[in-house]
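> Below is the file run-v1.csv, which contains CSV, C-alpha atoms.
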```
chain,number,residue,atom,x,y,z
A,1,MET,CA,104.8,122.2,128.1
A,2,THR,CA,107.8,123.5,126.2
A,3,THR,CA,107.3,125.2,122.9
A,4,ARG,CA,110.4,125.3,120.9
A,5,VAL,CA,110.3,127.3,117.7
A,6,ALA,CA,112.9,125.8,115.5
A,7,ASP,CA,112.9,127.2,112.0
A,8,ASP,CA,115.5,125.2,110.2
A,9,ARG,CA,114.9,121.7,108.9
A,10,PHE,CA,117.4,120.1,111.2
A,11,GLY,CA,115.9,121.9,114.3
A,12,VAL,CA,112.4,120.8,113.3
A,13,ALA,CA,113.6,117.2,112.8
A,14,LEU,CA,115.4,117.1,116.1
A,15,ALA,CA,112.5,118.5,118.0
A,16,ALA,CA,110.1,116.1,116.4
A,17,ARG,CA,112.3,113.1,117.1
A,18,ASP,CA,112.8,114.0,120.7
A,19,ALA,CA,109.1,114.5,121.2
A,20,ALA,CA,108.1,111.3,119.5
A,21,CYS,CA,110.7,109.2,121.4
A,22,SER,CA,109.5,110.5,124.7
A,23,VAL,CA,106.2,108.7,124.3
A,24,ALA,CA,106.0,105.3,126.0
A,25,GLY,CA,105.4,102.5,123.5
A,26,VAL,CA,107.5,104.1,120.8
A,27,ALA,CA,110.6,101.8,120.4
A,28,GLY,CA,112.4,104.1,118.0
A,29,LEU,CA,112.4,105.6,114.6
A,30,ASP,CA,112.9,103.7,111.4
A,31,PRO,CA,115.4,105.2,108.9
A,32,GLY,CA,114.3,102.7,106.2
A,33,ARG,CA,116.1,99.8,104.8
A,34,VAL,CA,119.1,101.7,103.5
A,35,GLY,CA,118.7,104.7,105.8
A,36,GLU,CA,117.0,106.8,103.1
A,37,ILE,CA,114.7,108.6,105.6
A,38,ALA,CA,116.7,111.1,107.4
A,39,THR,CA,117.2,114.8,107.9
A,40,TYR,CA,120.8,116.1,107.5
A,41,ARG,CA,123.1,118.8,108.6
A,42,SER,CA,126.8,118.7,108.0
A,43,GLY,CA,128.2,115.9,110.0
A,44,ARG,CA,125.0,115.0,111.7
A,45,LYS,CA,121.6,113.5,110.9
A,46,VAL,CA,118.3,112.7,112.4
A,47,ALA,CA,117.3,109.2,111.2
A,48,GLY,CA,113.7,108.3,110.6
A,49,VAL,CA,112.4,111.9,110.2
A,50,ARG,CA,111.7,113.7,107.0
A,51,VAL,CA,110.9,117.4,107.0
A,52,LEU,CA,108.6,118.2,104.1
A,53,SER,CA,108.4,121.8,104.9
A,54,THR,CA,109.4,124.2,107.6
A,55,ASP,CA,106.9,127.0,107.4
A,56,PRO,CA,104.5,125.8,108.6
A,57,PRO,CA,106.3,122.7,109.7
A,58,HIS,CA,105.3,119.4,108.1
A,59,VAL,CA,107.1,116.3,109.2
A,60,LEU,CA,107.0,112.6,108.4
A,61,LEU,CA,108.0,110.2,111.2
A,62,ARG,CA,108.5,106.5,110.7
A,63,LEU,CA,107.8,104.8,113.9
A,64,ILE,CA,108.8,101.5,115.4
A,65,VAL,CA,106.3,100.6,118.0
A,66,SER,CA,106.4,98.1,120.8
A,67,TYR,CA,104.2,95.0,120.6
A,68,ARG,CA,101.7,95.5,123.5
A,69,GLY,CA,98.7,97.6,123.7
A,70,SER,CA,96.5,99.6,121.3
A,71,LEU,CA,98.1,101.8,118.7
A,72,ALA,CA,95.5,104.5,118.3
A,73,PRO,CA,95.9,106.3,121.6
A,74,ARG,CA,99.6,106.0,121.4
A,75,LEU,CA,99.7,107.5,118.0
A,76,SER,CA,97.5,110.4,119.1
A,77,GLN,CA,99.9,110.9,122.0
A,78,VAL,CA,102.9,111.0,119.6
A,79,ARG,CA,101.1,113.5,117.3
A,80,ALA,CA,100.2,115.7,120.2
A,81,ALA,CA,103.8,115.6,121.6
A,82,VAL,CA,105.3,116.4,118.2
A,83,LEU,CA,102.8,119.2,117.5
A,84,ASP,CA,103.6,120.6,120.9
A,85,SER,CA,107.3,120.8,120.1
A,86,LEU,CA,106.9,122.6,116.8
A,87,SER,CA,105.5,126.0,115.8
A,88,PRO,CA,101.7,126.3,115.6
A,89,GLY,CA,100.0,125.1,112.5
A,90,ALA,CA,102.3,122.1,112.0
A,91,ARG,CA,101.3,118.9,110.3
A,92,VAL,CA,102.6,115.5,111.5
A,93,ASP,CA,102.4,112.4,109.3
A,94,LEU,CA,103.0,109.2,111.2
A,95,GLN,CA,103.9,105.9,109.5
A,96,VAL,CA,104.1,102.8,111.5
A,97,THR,CA,106.7,100.6,109.8
A,98,ASP,CA,107.7,98.0,112.3
A,99,VAL,CA,106.9,96.3,115.6
A,100,GLN,CA,109.6,95.6,118.1
A,101,THR,CA,109.8,91.9,118.9
A,102,PRO,CA,109.3,91.3,122.6
B,103,MET,CA,97.1,92.9,97.6
B,104,ALA,CA,95.6,96.0,99.0
B,105,ALA,CA,96.8,99.3,97.8
B,106,GLU,CA,96.4,102.9,98.7
B,107,THR,CA,93.2,103.5,100.5
B,108,SER,CA,93.3,107.1,101.5
B,109,THR,CA,92.2,109.6,98.9
B,110,LYS,CA,93.1,112.8,100.8
B,111,ALA,CA,96.5,111.6,101.8
B,112,ALA,CA,97.7,110.2,98.5
B,113,PRO,CA,99.8,113.1,97.2
B,114,THR,CA,102.0,113.5,100.4
B,115,LYS,CA,102.2,109.7,100.9
B,116,ALA,CA,103.1,108.8,97.4
B,117,SER,CA,106.4,110.7,97.7
B,118,THR,CA,107.3,109.3,101.1
B,119,THR,CA,106.3,105.7,101.2
B,120,THR,CA,108.1,102.9,99.5
B,121,ASP,CA,105.8,99.9,100.1
B,122,LEU,CA,102.2,99.2,100.6
B,123,THR,CA,100.7,101.2,103.3
B,124,ILE,CA,97.2,101.6,104.7
B,125,SER,CA,96.0,104.8,106.0
B,126,LEU,CA,93.9,104.5,109.1
B,127,LEU,CA,93.4,108.1,110.2
B,128,THR,CA,93.4,111.3,108.3
B,129,THR,CA,93.3,114.4,110.5
B,130,ASP,CA,93.8,118.0,109.7
B,131,ARG,CA,97.1,117.7,111.6
B,132,GLY,CA,98.5,114.9,109.5
B,133,VAL,CA,98.0,111.4,108.3
B,134,THR,CA,98.5,108.2,110.2
B,135,SER,CA,99.4,105.0,108.4
B,136,ILE,CA,100.3,101.5,109.3
B,137,ASP,CA,102.4,99.4,106.9
B,138,GLU,CA,101.1,96.1,105.8
B,139,SER,CA,104.3,94.5,107.1
B,140,VAL,CA,103.4,95.6,110.6
B,141,ILE,CA,100.1,93.7,110.4
B,142,ALA,CA,102.0,90.6,109.2
B,143,LYS,CA,104.4,90.9,112.1
B,144,ILE,CA,101.7,91.2,114.7
B,145,ALA,CA,100.0,88.1,113.2
B,146,SER,CA,103.3,86.2,113.3
B,147,LEU,CA,104.0,87.1,116.9
B,148,ALA,CA,100.4,86.4,117.9
B,149,ALA,CA,100.5,82.9,116.3
B,150,GLN,CA,103.8,82.0,118.0
B,151,GLU,CA,102.4,82.9,121.4
B,152,VAL,CA,100.1,79.9,121.2
B,153,ASP,CA,101.3,76.8,122.9
B,154,GLY,CA,101.4,73.9,120.4
B,155,VAL,CA,102.7,76.1,117.5
B,156,ALA,CA,106.2,74.8,116.7
B,157,GLN,CA,107.1,77.2,113.9
B,158,LEU,CA,105.5,79.3,111.2
B,159,GLY,CA,105.9,78.5,107.6
B,160,GLY,CA,106.1,75.3,105.6
B,161,THR,CA,109.0,72.9,105.7
B,162,ILE,CA,110.6,74.5,102.7
B,163,SER,CA,109.8,78.1,103.3
B,164,GLY,CA,110.8,77.6,107.0
B,165,ALA,CA,114.2,76.4,106.0
B,166,LEU,CA,114.6,79.0,103.4
B,167,SER,CA,113.6,81.9,105.6
B,168,LYS,CA,116.0,80.8,108.3
B,169,VAL,CA,118.8,81.0,105.8
B,170,VAL,CA,117.6,84.3,104.3
B,171,GLY,CA,117.0,85.7,107.8
B,172,ARG,CA,120.5,84.8,108.8
B,173,ILE,CA,122.0,86.5,105.8
B,174,ARG,CA,119.9,89.6,106.2
B,175,GLY,CA,120.4,89.6,109.9
B,176,ASP,CA,116.8,90.2,110.8
B,177,GLU,CA,115.3,88.2,113.6
B,178,HIS,CA,111.7,88.9,112.8
B,179,GLN,CA,110.4,86.4,110.3
B,180,THR,CA,107.1,86.8,108.7
B,181,ALA,CA,107.5,83.6,106.8
B,182,GLY,CA,104.2,81.7,106.6
B,183,VAL,CA,102.2,84.8,106.9
B,184,GLY,CA,100.2,86.5,104.2
B,185,VAL,CA,98.0,89.5,104.9
B,186,GLU,CA,95.5,91.4,102.9
B,187,VAL,CA,94.6,94.8,104.3
B,188,GLY,CA,91.8,97.1,103.4
B,189,GLU,CA,90.6,100.4,104.8
B,190,ARG,CA,89.0,98.9,107.8
B,191,GLN,CA,89.4,95.1,107.5
B,192,ALA,CA,92.2,92.6,107.3
B,193,ALA,CA,92.5,89.0,106.3
B,194,VAL,CA,95.3,86.7,107.3
B,195,ASP,CA,96.6,83.5,105.9
B,196,LEU,CA,99.0,81.5,108.1
B,197,SER,CA,100.9,78.3,107.6
B,198,LEU,CA,102.4,76.7,110.6
B,199,MET,CA,103.7,73.5,112.1
B,200,VAL,CA,102.0,72.0,115.1
B,201,LEU,CA,103.9,70.4,118.0
B,202,TYR,CA,102.9,66.8,118.6
B,203,PRO,CA,100.7,65.7,120.5
B,204,ALA,CA,98.7,68.9,120.6
B,205,SER,CA,95.2,68.9,119.1
B,206,ILE,CA,95.5,70.4,115.7
B,207,HIS,CA,92.0,71.8,115.7
B,208,GLN,CA,92.4,73.4,119.0
B,209,VAL,CA,95.7,74.9,118.2
B,210,ALA,CA,94.3,76.3,114.9
B,211,GLN,CA,91.3,77.7,116.8
B,212,SER,CA,93.5,79.3,119.5
B,213,VAL,CA,95.8,80.8,116.8
B,214,ARG,CA,92.8,82.2,115.1
B,215,GLU,CA,91.5,83.8,118.2
B,216,ASN,CA,94.8,85.2,119.3
B,217,VAL,CA,95.7,86.6,116.0
B,218,ILE,CA,92.3,88.3,115.7
B,219,SER,CA,92.4,89.7,119.2
B,220,ARG,CA,96.0,91.0,118.9
B,221,ILE,CA,95.4,92.7,115.5
B,222,GLU,CA,92.1,94.2,116.5
B,223,GLU,CA,93.3,95.5,119.8
B,224,MET,CA,96.5,97.0,118.4
B,225,THR,CA,95.4,98.4,115.1
B,226,GLY,CA,91.6,98.7,115.3
B,227,LEU,CA,91.3,96.8,112.1
B,228,GLU,CA,88.5,94.3,111.9
B,229,VAL,CA,89.9,90.8,111.1
B,230,VAL,CA,87.5,89.1,108.8
B,231,GLU,CA,89.2,85.8,108.4
B,232,VAL,CA,92.3,83.9,109.5
B,233,ASN,CA,93.0,80.9,107.4
B,234,VAL,CA,95.3,78.4,109.1
B,235,ALA,CA,97.2,75.8,107.1
B,236,VAL,CA,99.0,73.1,109.1
B,237,THR,CA,102.0,72.1,107.1
B,238,ASP,CA,103.7,69.7,109.4
B,239,LEU,CA,103.8,67.9,112.7
B,240,ARG,CA,106.8,68.4,114.8
B,241,PHE,CA,108.0,66.2,117.6
B,242,PRO,CA,109.4,67.5,120.9
B,243,GLY,CA,112.3,65.1,120.5
B,244,GLY,CA,113.5,67.4,117.8
B,245,GLU,CA,114.1,65.0,115.0
B,246,LYS,CA,114.0,67.9,112.6
B,247,GLU,CA,116.0,70.3,114.8
B,248,PRO,CA,119.0,71.8,113.1
B,249,VAL,CA,122.1,69.7,113.7
B,250,GLU,CA,124.4,71.1,116.3
B,251,PRO,CA,127.7,72.2,114.9
B,252,THR,CA,130.2,69.6,115.7
B,253,PRO,CA,132.7,70.8,118.2
B,254,SER,CA,136.2,71.4,116.9
B,255,ARG,CA,138.5,68.5,117.4
B,256,VAL,CA,141.5,70.8,118.2
B,257,GLN,CA,141.5,73.4,120.9
```
The structure in this file should be written as C-alpha coordinates.

Amino acid sequence: MTTRVADDRFGVALAARDAACSVAGVAGLDPGRVGEIATYRSGRKVAGVRVLSTDPPHVLLRLIVSYRGSLAPRLSQVRAAVLDSLSPGARVDLQVTDVQTP
Amino acid sequence: MAAETSTKAAPTKASTTTDLTISLLTTDRGVTSIDESVIAKIASLAAQEVDGVAQLGGTISGALSKVVGRIRGDEHQTAGVGVEVGERQAAVDLSLMVLYPASIHQVAQSVRENVISRIEEMTGLEVVEVNVAVTDLRFPGGEKEPVEPTPSRVQ
(Lines of atoms letter the chains of each structure in order from A and count residues from 1; the text may use other names and numbers.)
(Lines give C-alpha, C1' and ligand atoms only; values in the text may rest on other atoms or scores of the structure.)
Protein backbone atom coordinates (compact mmCIF):
# COMPACT_ATOMS: atom_id res chain seq x y z
CA MET A 1 0.00 0.00 0.00
CA THR A 2 1.17 3.49 -0.69
CA THR A 3 1.71 5.84 2.17
CA ARG A 4 1.68 9.42 1.16
CA VAL A 5 2.69 11.93 3.73
CA ALA A 6 1.02 15.13 2.74
CA ASP A 7 1.36 17.93 5.20
CA ASP A 8 -0.65 20.76 3.77
CA ARG A 9 -4.42 20.91 3.92
CA PHE A 10 -4.88 20.55 0.21
CA GLY A 11 -2.58 17.54 -0.02
CA VAL A 12 -4.41 15.85 2.85
CA ALA A 13 -7.79 16.54 1.21
CA LEU A 14 -6.61 15.27 -2.16
CA ALA A 15 -5.19 12.05 -0.71
CA ALA A 16 -8.36 11.45 1.32
CA ARG A 17 -10.61 12.03 -1.68
CA ASP A 18 -8.67 9.72 -3.96
CA ALA A 19 -8.58 6.98 -1.34
CA ALA A 20 -12.31 7.24 -0.58
CA CYS A 21 -13.36 7.28 -4.22
CA SER A 22 -11.30 4.19 -4.96
CA VAL A 23 -13.62 2.09 -2.80
CA ALA A 24 -16.38 0.29 -4.71
CA GLY A 25 -19.82 1.42 -3.64
CA VAL A 26 -18.79 5.02 -3.10
CA ALA A 27 -20.57 7.00 -5.77
CA GLY A 28 -18.84 10.27 -4.99
CA LEU A 29 -18.39 13.01 -2.46
CA ASP A 30 -21.05 15.50 -1.54
CA PRO A 31 -20.01 19.15 -1.44
CA GLY A 32 -23.26 20.16 0.28
CA ARG A 33 -26.20 22.02 -1.07
CA VAL A 34 -24.27 25.16 -1.96
CA GLY A 35 -20.84 23.59 -2.13
CA GLU A 36 -19.87 24.71 1.35
CA ILE A 37 -17.87 21.58 2.15
CA ALA A 38 -14.59 21.84 0.29
CA THR A 39 -10.88 22.33 0.75
CA TYR A 40 -9.24 25.06 -1.29
CA ARG A 41 -6.02 26.06 -2.83
CA SER A 42 -5.70 28.96 -5.20
CA GLY A 43 -7.57 28.05 -8.33
CA ARG A 44 -8.42 24.55 -7.20
CA LYS A 45 -10.62 22.80 -4.73
CA VAL A 46 -11.46 19.37 -3.42
CA ALA A 47 -15.22 19.17 -3.00
CA GLY A 48 -16.79 17.16 -0.21
CA VAL A 49 -13.74 17.07 2.04
CA ARG A 50 -13.05 19.26 5.01
CA VAL A 51 -9.67 19.12 6.68
CA LEU A 52 -10.13 19.86 10.37
CA SER A 53 -6.48 19.59 11.23
CA THR A 54 -3.28 18.49 9.51
CA ASP A 55 -1.09 17.39 12.40
CA PRO A 56 -2.25 14.77 13.06
CA PRO A 57 -4.57 14.74 10.05
CA HIS A 58 -8.28 14.92 10.83
CA VAL A 59 -10.63 14.92 7.88
CA LEU A 60 -14.37 14.88 7.34
CA LEU A 61 -15.68 13.23 4.20
CA ARG A 62 -19.26 13.50 3.03
CA LEU A 63 -20.08 10.40 1.06
CA ILE A 64 -22.65 9.59 -1.56
CA VAL A 65 -23.08 5.84 -1.55
CA SER A 66 -24.63 3.54 -4.10
CA TYR A 67 -27.92 1.88 -3.24
CA ARG A 68 -27.09 -1.83 -2.99
CA GLY A 69 -25.42 -3.70 -0.21
CA SER A 70 -24.58 -3.17 3.40
CA LEU A 71 -23.00 0.11 4.43
CA ALA A 72 -21.00 -0.94 7.47
CA PRO A 73 -18.26 -2.95 5.70
CA ARG A 74 -18.06 -0.39 2.95
CA LEU A 75 -17.56 2.44 5.43
CA SER A 76 -14.85 0.51 7.26
CA GLN A 77 -13.17 -0.01 3.93
CA VAL A 78 -13.34 3.71 3.20
CA ARG A 79 -11.93 4.58 6.60
CA ALA A 80 -9.10 2.05 6.17
CA ALA A 81 -8.28 3.35 2.69
CA VAL A 82 -8.23 6.97 3.81
CA LEU A 83 -6.18 6.23 6.93
CA ASP A 84 -3.75 4.39 4.73
CA SER A 85 -3.27 7.41 2.53
CA LEU A 86 -2.58 9.81 5.41
CA SER A 87 0.14 10.07 8.01
CA PRO A 88 -0.18 7.77 11.01
CA GLY A 89 -2.48 8.84 13.81
CA ALA A 90 -5.09 10.30 11.50
CA ARG A 91 -8.78 10.59 12.27
CA VAL A 92 -11.41 10.11 9.60
CA ASP A 93 -14.99 11.22 10.12
CA LEU A 94 -17.45 9.85 7.61
CA GLN A 95 -20.86 11.29 6.99
CA VAL A 96 -23.21 9.53 4.60
CA THR A 97 -25.37 12.24 3.09
CA ASP A 98 -26.97 10.73 0.02
CA VAL A 99 -27.78 7.56 -1.85
CA GLN A 100 -27.27 7.36 -5.56
CA THR A 101 -30.48 6.44 -7.31
CA PRO A 102 -30.07 3.25 -9.34
CA MET B 1 -37.66 14.13 15.13
CA ALA B 2 -34.56 12.45 16.40
CA ALA B 3 -31.62 14.59 17.25
CA GLU B 4 -27.99 14.05 18.02
CA THR B 5 -27.42 10.67 19.54
CA SER B 6 -23.71 10.49 19.97
CA THR B 7 -22.22 11.98 23.07
CA LYS B 8 -18.56 11.55 22.23
CA ALA B 9 -18.80 12.89 18.73
CA ALA B 10 -20.90 15.93 19.47
CA PRO B 11 -18.19 18.62 19.52
CA THR B 12 -16.67 17.75 16.13
CA LYS B 13 -20.00 17.03 14.52
CA ALA B 14 -21.73 20.14 15.67
CA SER B 15 -19.36 22.28 13.67
CA THR B 16 -19.59 20.23 10.52
CA THR B 17 -23.15 19.06 10.08
CA THR B 18 -25.99 21.16 8.91
CA ASP B 19 -28.93 18.83 9.36
CA LEU B 20 -30.07 15.98 11.52
CA THR B 21 -27.58 13.22 11.63
CA ILE B 22 -27.37 9.95 13.43
CA SER B 23 -24.12 8.55 14.55
CA LEU B 24 -23.82 4.82 14.18
CA LEU B 25 -20.24 4.16 14.93
CA THR B 26 -17.72 5.96 17.06
CA THR B 27 -14.22 4.62 16.73
CA ASP B 28 -10.91 6.00 17.96
CA ARG B 29 -10.13 6.73 14.32
CA GLY B 30 -13.19 8.85 13.66
CA VAL B 31 -16.94 8.99 13.65
CA THR B 32 -19.37 7.52 11.16
CA SER B 33 -22.76 9.06 10.71
CA ILE B 34 -25.67 8.56 8.36
CA ASP B 35 -27.99 11.45 7.62
CA GLU B 36 -31.68 11.02 8.22
CA SER B 37 -32.33 11.93 4.61
CA VAL B 38 -30.38 8.85 3.56
CA ILE B 39 -32.75 6.62 5.52
CA ALA B 40 -35.71 8.41 3.93
CA LYS B 41 -34.29 7.89 0.48
CA ILE B 42 -33.65 4.21 1.04
CA ALA B 43 -37.26 3.85 2.23
CA SER B 44 -38.48 5.70 -0.85
CA LEU B 45 -36.48 3.56 -3.27
CA ALA B 46 -37.46 0.36 -1.48
CA ALA B 47 -41.16 1.21 -1.60
CA GLN B 48 -41.03 2.02 -5.30
CA GLU B 49 -39.42 -1.33 -6.03
CA VAL B 50 -42.66 -3.07 -5.11
CA ASP B 51 -45.00 -3.88 -7.98
CA GLY B 52 -48.36 -2.35 -7.39
CA VAL B 53 -46.99 0.90 -6.00
CA ALA B 54 -47.93 3.62 -8.45
CA GLN B 55 -46.31 6.59 -6.76
CA LEU B 56 -45.33 7.83 -3.35
CA GLY B 57 -47.06 10.67 -1.64
CA GLY B 58 -50.61 11.90 -1.55
CA THR B 59 -52.40 13.46 -4.47
CA ILE B 60 -51.55 16.98 -3.44
CA SER B 61 -48.06 16.36 -2.11
CA GLY B 62 -47.30 14.27 -5.20
CA ALA B 63 -48.25 17.07 -7.55
CA LEU B 64 -46.43 19.60 -5.42
CA SER B 65 -43.23 17.61 -5.12
CA LYS B 66 -43.17 17.09 -8.86
CA VAL B 67 -43.21 20.84 -9.40
CA VAL B 68 -40.70 21.50 -6.63
CA GLY B 69 -38.48 18.69 -7.86
CA ARG B 70 -38.54 20.11 -11.34
CA ILE B 71 -37.56 23.54 -10.09
CA ARG B 72 -34.82 22.27 -7.83
CA GLY B 73 -33.70 19.80 -10.43
CA ASP B 74 -33.45 16.84 -8.11
CA GLU B 75 -34.75 13.56 -9.35
CA HIS B 76 -34.84 11.88 -5.95
CA GLN B 77 -38.13 12.54 -4.26
CA THR B 78 -38.67 11.69 -0.68
CA ALA B 79 -42.24 12.93 -0.85
CA GLY B 80 -44.59 10.74 1.12
CA VAL B 81 -41.79 9.53 3.37
CA GLY B 82 -41.34 10.41 7.00
CA VAL B 83 -38.65 8.86 9.12
CA GLU B 84 -37.74 8.98 12.74
CA VAL B 85 -34.29 7.72 13.54
CA GLY B 86 -32.81 6.91 16.90
CA GLU B 87 -29.50 5.46 17.94
CA ARG B 88 -30.31 1.92 16.87
CA GLN B 89 -33.84 2.00 15.60
CA ALA B 90 -35.86 3.67 12.92
CA ALA B 91 -39.55 4.14 12.24
CA VAL B 92 -40.94 4.93 8.82
CA ASP B 93 -44.23 6.49 7.70
CA LEU B 94 -45.13 6.16 4.06
CA SER B 95 -48.01 7.41 2.02
CA LEU B 96 -48.44 5.95 -1.41
CA MET B 97 -50.81 5.29 -4.26
CA VAL B 98 -51.65 1.75 -5.27
CA LEU B 99 -52.02 0.64 -8.84
CA TYR B 100 -55.41 -0.91 -9.62
CA PRO B 101 -56.20 -3.88 -9.44
CA ALA B 102 -53.45 -4.88 -7.00
CA SER B 103 -54.48 -6.07 -3.57
CA ILE B 104 -53.96 -3.12 -1.26
CA HIS B 105 -53.19 -5.23 1.76
CA GLN B 106 -50.66 -7.30 -0.08
CA VAL B 107 -48.99 -4.28 -1.60
CA ALA B 108 -48.78 -2.64 1.82
CA GLN B 109 -47.35 -5.79 3.36
CA SER B 110 -44.78 -6.16 0.58
CA VAL B 111 -43.79 -2.52 0.91
CA ARG B 112 -43.36 -2.97 4.64
CA GLU B 113 -41.19 -6.05 4.19
CA ASN B 114 -39.05 -4.52 1.48
CA VAL B 115 -38.51 -1.25 3.33
CA ILE B 116 -37.55 -3.11 6.49
CA SER B 117 -35.13 -5.43 4.75
CA ARG B 118 -33.46 -2.69 2.70
CA ILE B 119 -32.93 -0.33 5.63
CA GLU B 120 -31.79 -3.11 7.93
CA GLU B 121 -29.40 -4.58 5.40
CA MET B 122 -27.91 -1.28 4.37
CA THR B 123 -27.64 0.63 7.61
CA GLY B 124 -27.90 -1.98 10.33
CA LEU B 125 -30.66 0.00 12.03
CA GLU B 126 -33.56 -2.00 13.38
CA VAL B 127 -36.82 -0.86 11.82
CA VAL B 128 -39.47 -0.97 14.49
CA GLU B 129 -42.42 0.06 12.39
CA VAL B 130 -43.44 0.97 8.87
CA ASN B 131 -46.81 2.66 8.67
CA VAL B 132 -48.32 2.62 5.22
CA ALA B 133 -51.09 5.02 4.29
CA VAL B 134 -52.73 4.37 0.95
CA THR B 135 -53.83 7.73 -0.37
CA ASP B 136 -55.23 6.87 -3.76
CA LEU B 137 -55.90 4.21 -6.34
CA ARG B 138 -54.35 4.73 -9.72
CA PHE B 139 -55.46 3.15 -12.96
CA PRO B 140 -53.09 1.73 -15.56
CA GLY B 141 -54.98 3.63 -18.25
CA GLY B 142 -53.43 6.74 -16.80
CA GLU B 143 -56.46 8.94 -16.27
CA LYS B 144 -54.36 10.97 -13.88
CA GLU B 145 -51.19 10.95 -15.90
CA PRO B 146 -49.82 14.37 -16.68
CA VAL B 147 -51.14 15.69 -19.94
CA GLU B 148 -48.72 15.38 -22.82
CA PRO B 149 -47.60 18.77 -24.03
CA THR B 150 -49.48 19.53 -27.21
CA PRO B 151 -47.15 19.45 -30.21
CA SER B 152 -46.43 22.74 -31.80
CA ARG B 153 -48.66 23.51 -34.75
CA VAL B 154 -45.91 25.16 -36.68
CA GLN B 155 -42.63 23.48 -37.54
> Enumerate, in order of chain and increasing residue number, the residues of chain B with an atom no farther than 7 Å from chain A, each with its shortest atom pair and distance in Å to one decimal, counting all atoms listed in the file, as a tab-separated table.

```
residue	atom	partner	partner_atom	distance
B:Arg131	CA	A:Arg91	CA	4.6
B:Gly132	CA	A:Val92	CA	4.6
B:Val133	CA	A:Asp93	CA	4.6
B:Thr134	CA	A:Leu94	CA	4.7
B:Ser135	CA	A:Gln95	CA	4.7
B:Ile136	CA	A:Val96	CA	4.6
B:Asp137	CA	A:Thr97	CA	5.3
B:Val140	CA	A:Asp98	CA	5.2
B:Lys143	CA	A:Val99	CA	6.9
B:Glu223	CA	A:Ser70	CA	5.4
B:Met224	CA	A:Ser70	CA	3.9
B:Thr225	CA	A:Leu71	CA	5.6
```
> Atom CA of B:Ala142 and atom CA of B:Gly243 are how many Å apart?
29.7 Å
> Skipping near chain neighbours, those fewer than 4 positions away, what residues fall within 12 Å of B:Val183 using only C-alpha atoms, listed as a PyMOL selection string?
chain B and resi 138-150+157-160+163-164+167+178-179+193-198+217+232-235
> Just C-alpha atoms for this one: save the residues we selected as a PDB file, in the coordinates of the input.

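Output (result.pdb):
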```pdb
ATOM      1  CA  GLU B 138     101.100  96.100 105.800  1.00  0.00           C
ATOM      2  CA  SER B 139     104.300  94.500 107.100  1.00  0.00           C
ATOM      3  CA  VAL B 140     103.400  95.600 110.600  1.00  0.00           C
ATOM      4  CA  ILE B 141     100.100  93.700 110.400  1.00  0.00           C
ATOM      5  CA  ALA B 142     102.000  90.600 109.200  1.00  0.00           C
ATOM      6  CA  LYS B 143     104.400  90.900 112.100  1.00  0.00           C
ATOM      7  CA  ILE B 144     101.700  91.200 114.700  1.00  0.00           C
ATOM      8  CA  ALA B 145     100.000  88.100 113.200  1.00  0.00           C
ATOM      9  CA  SER B 146     103.300  86.200 113.300  1.00  0.00           C
ATOM     10  CA  LEU B 147     104.000  87.100 116.900  1.00  0.00           C
ATOM     11  CA  ALA B 148     100.400  86.400 117.900  1.00  0.00           C
ATOM     12  CA  ALA B 149     100.500  82.900 116.300  1.00  0.00           C
ATOM     13  CA  GLN B 150     103.800  82.000 118.000  1.00  0.00           C
ATOM     14  CA  GLN B 157     107.100  77.200 113.900  1.00  0.00           C
ATOM     15  CA  LEU B 158     105.500  79.300 111.200  1.00  0.00           C
ATOM     16  CA  GLY B 159     105.900  78.500 107.600  1.00  0.00           C
ATOM     17  CA  GLY B 160     106.100  75.300 105.600  1.00  0.00           C
ATOM     18  CA  SER B 163     109.800  78.100 103.300  1.00  0.00           C
ATOM     19  CA  GLY B 164     110.800  77.600 107.000  1.00  0.00           C
ATOM     20  CA  SER B 167     113.600  81.900 105.600  1.00  0.00           C
ATOM     21  CA  HIS B 178     111.700  88.900 112.800  1.00  0.00           C
ATOM     22  CA  GLN B 179     110.400  86.400 110.300  1.00  0.00           C
ATOM     23  CA  ALA B 193      92.500  89.000 106.300  1.00  0.00           C
ATOM     24  CA  VAL B 194      95.300  86.700 107.300  1.00  0.00           C
ATOM     25  CA  ASP B 195      96.600  83.500 105.900  1.00  0.00           C
ATOM     26  CA  LEU B 196      99.000  81.500 108.100  1.00  0.00           C
ATOM     27  CA  SER B 197     100.900  78.300 107.600  1.00  0.00           C
ATOM     28  CA  LEU B 198     102.400  76.700 110.600  1.00  0.00           C
ATOM     29  CA  VAL B 217      95.700  86.600 116.000  1.00  0.00           C
ATOM     30  CA  VAL B 232      92.300  83.900 109.500  1.00  0.00           C
ATOM     31  CA  ASN B 233      93.000  80.900 107.400  1.00  0.00           C
ATOM     32  CA  VAL B 234      95.300  78.400 109.100  1.00  0.00           C
ATOM     33  CA  ALA B 235      97.200  75.800 107.100  1.00  0.00           C
TER      34      ALA B 235
END
```
> Looking at all atoms listed in the file, which of A:Leu86, A:Ala13, A:Val78, A:Asp18 is the one that sits closest to A:Pro56?
A:Leu86
> Write out as a PyMOL selection string the residues lying within 10 Å of A:Val46, counting only C-alpha atoms and excluding same-chain residues fewer than 6 positions away.
chain A and resi 10-11+13-17+29+31+37-40
> Find the distance between atom CA of B:Gly188 and atom CA of B:Arg220 and write it in Å to one decimal.
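Atom CA of B:Gly188 sits 17.2 Å away from atom CA of B:Arg220.
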> Can you tell me, as a PDB file with C-alpha atoms, in the coordinates of the input, what residues are no more than 12 Å from B:Phe241 when counting only C-alpha atoms, ignoring any on the same chain fewer than 6 positions away?

```
ATOM      1  CA  GLY B 154     101.400  73.900 120.400  1.00  0.00           C
ATOM      2  CA  VAL B 155     102.700  76.100 117.500  1.00  0.00           C
ATOM      3  CA  ALA B 156     106.200  74.800 116.700  1.00  0.00           C
ATOM      4  CA  GLN B 157     107.100  77.200 113.900  1.00  0.00           C
ATOM      5  CA  MET B 199     103.700  73.500 112.100  1.00  0.00           C
ATOM      6  CA  VAL B 200     102.000  72.000 115.100  1.00  0.00           C
ATOM      7  CA  LEU B 201     103.900  70.400 118.000  1.00  0.00           C
ATOM      8  CA  TYR B 202     102.900  66.800 118.600  1.00  0.00           C
ATOM      9  CA  PRO B 203     100.700  65.700 120.500  1.00  0.00           C
ATOM     10  CA  ALA B 204      98.700  68.900 120.600  1.00  0.00           C
ATOM     11  CA  GLU B 247     116.000  70.300 114.800  1.00  0.00           C
TER      12      GLU B 247
END
```
> For atom CA of B:Asp153 and atom CA of B:Leu239, quote the distance in Å rounded to one decimal.
13.8 Å
> Determine the nearest neighbour of A:Gly28 from the options A:Ser66, A:Val51, A:Lys45, A:Asp84, counting only C-alpha atoms.
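Closest to A:Gly28, using only C-alpha atoms: A:Ser66.
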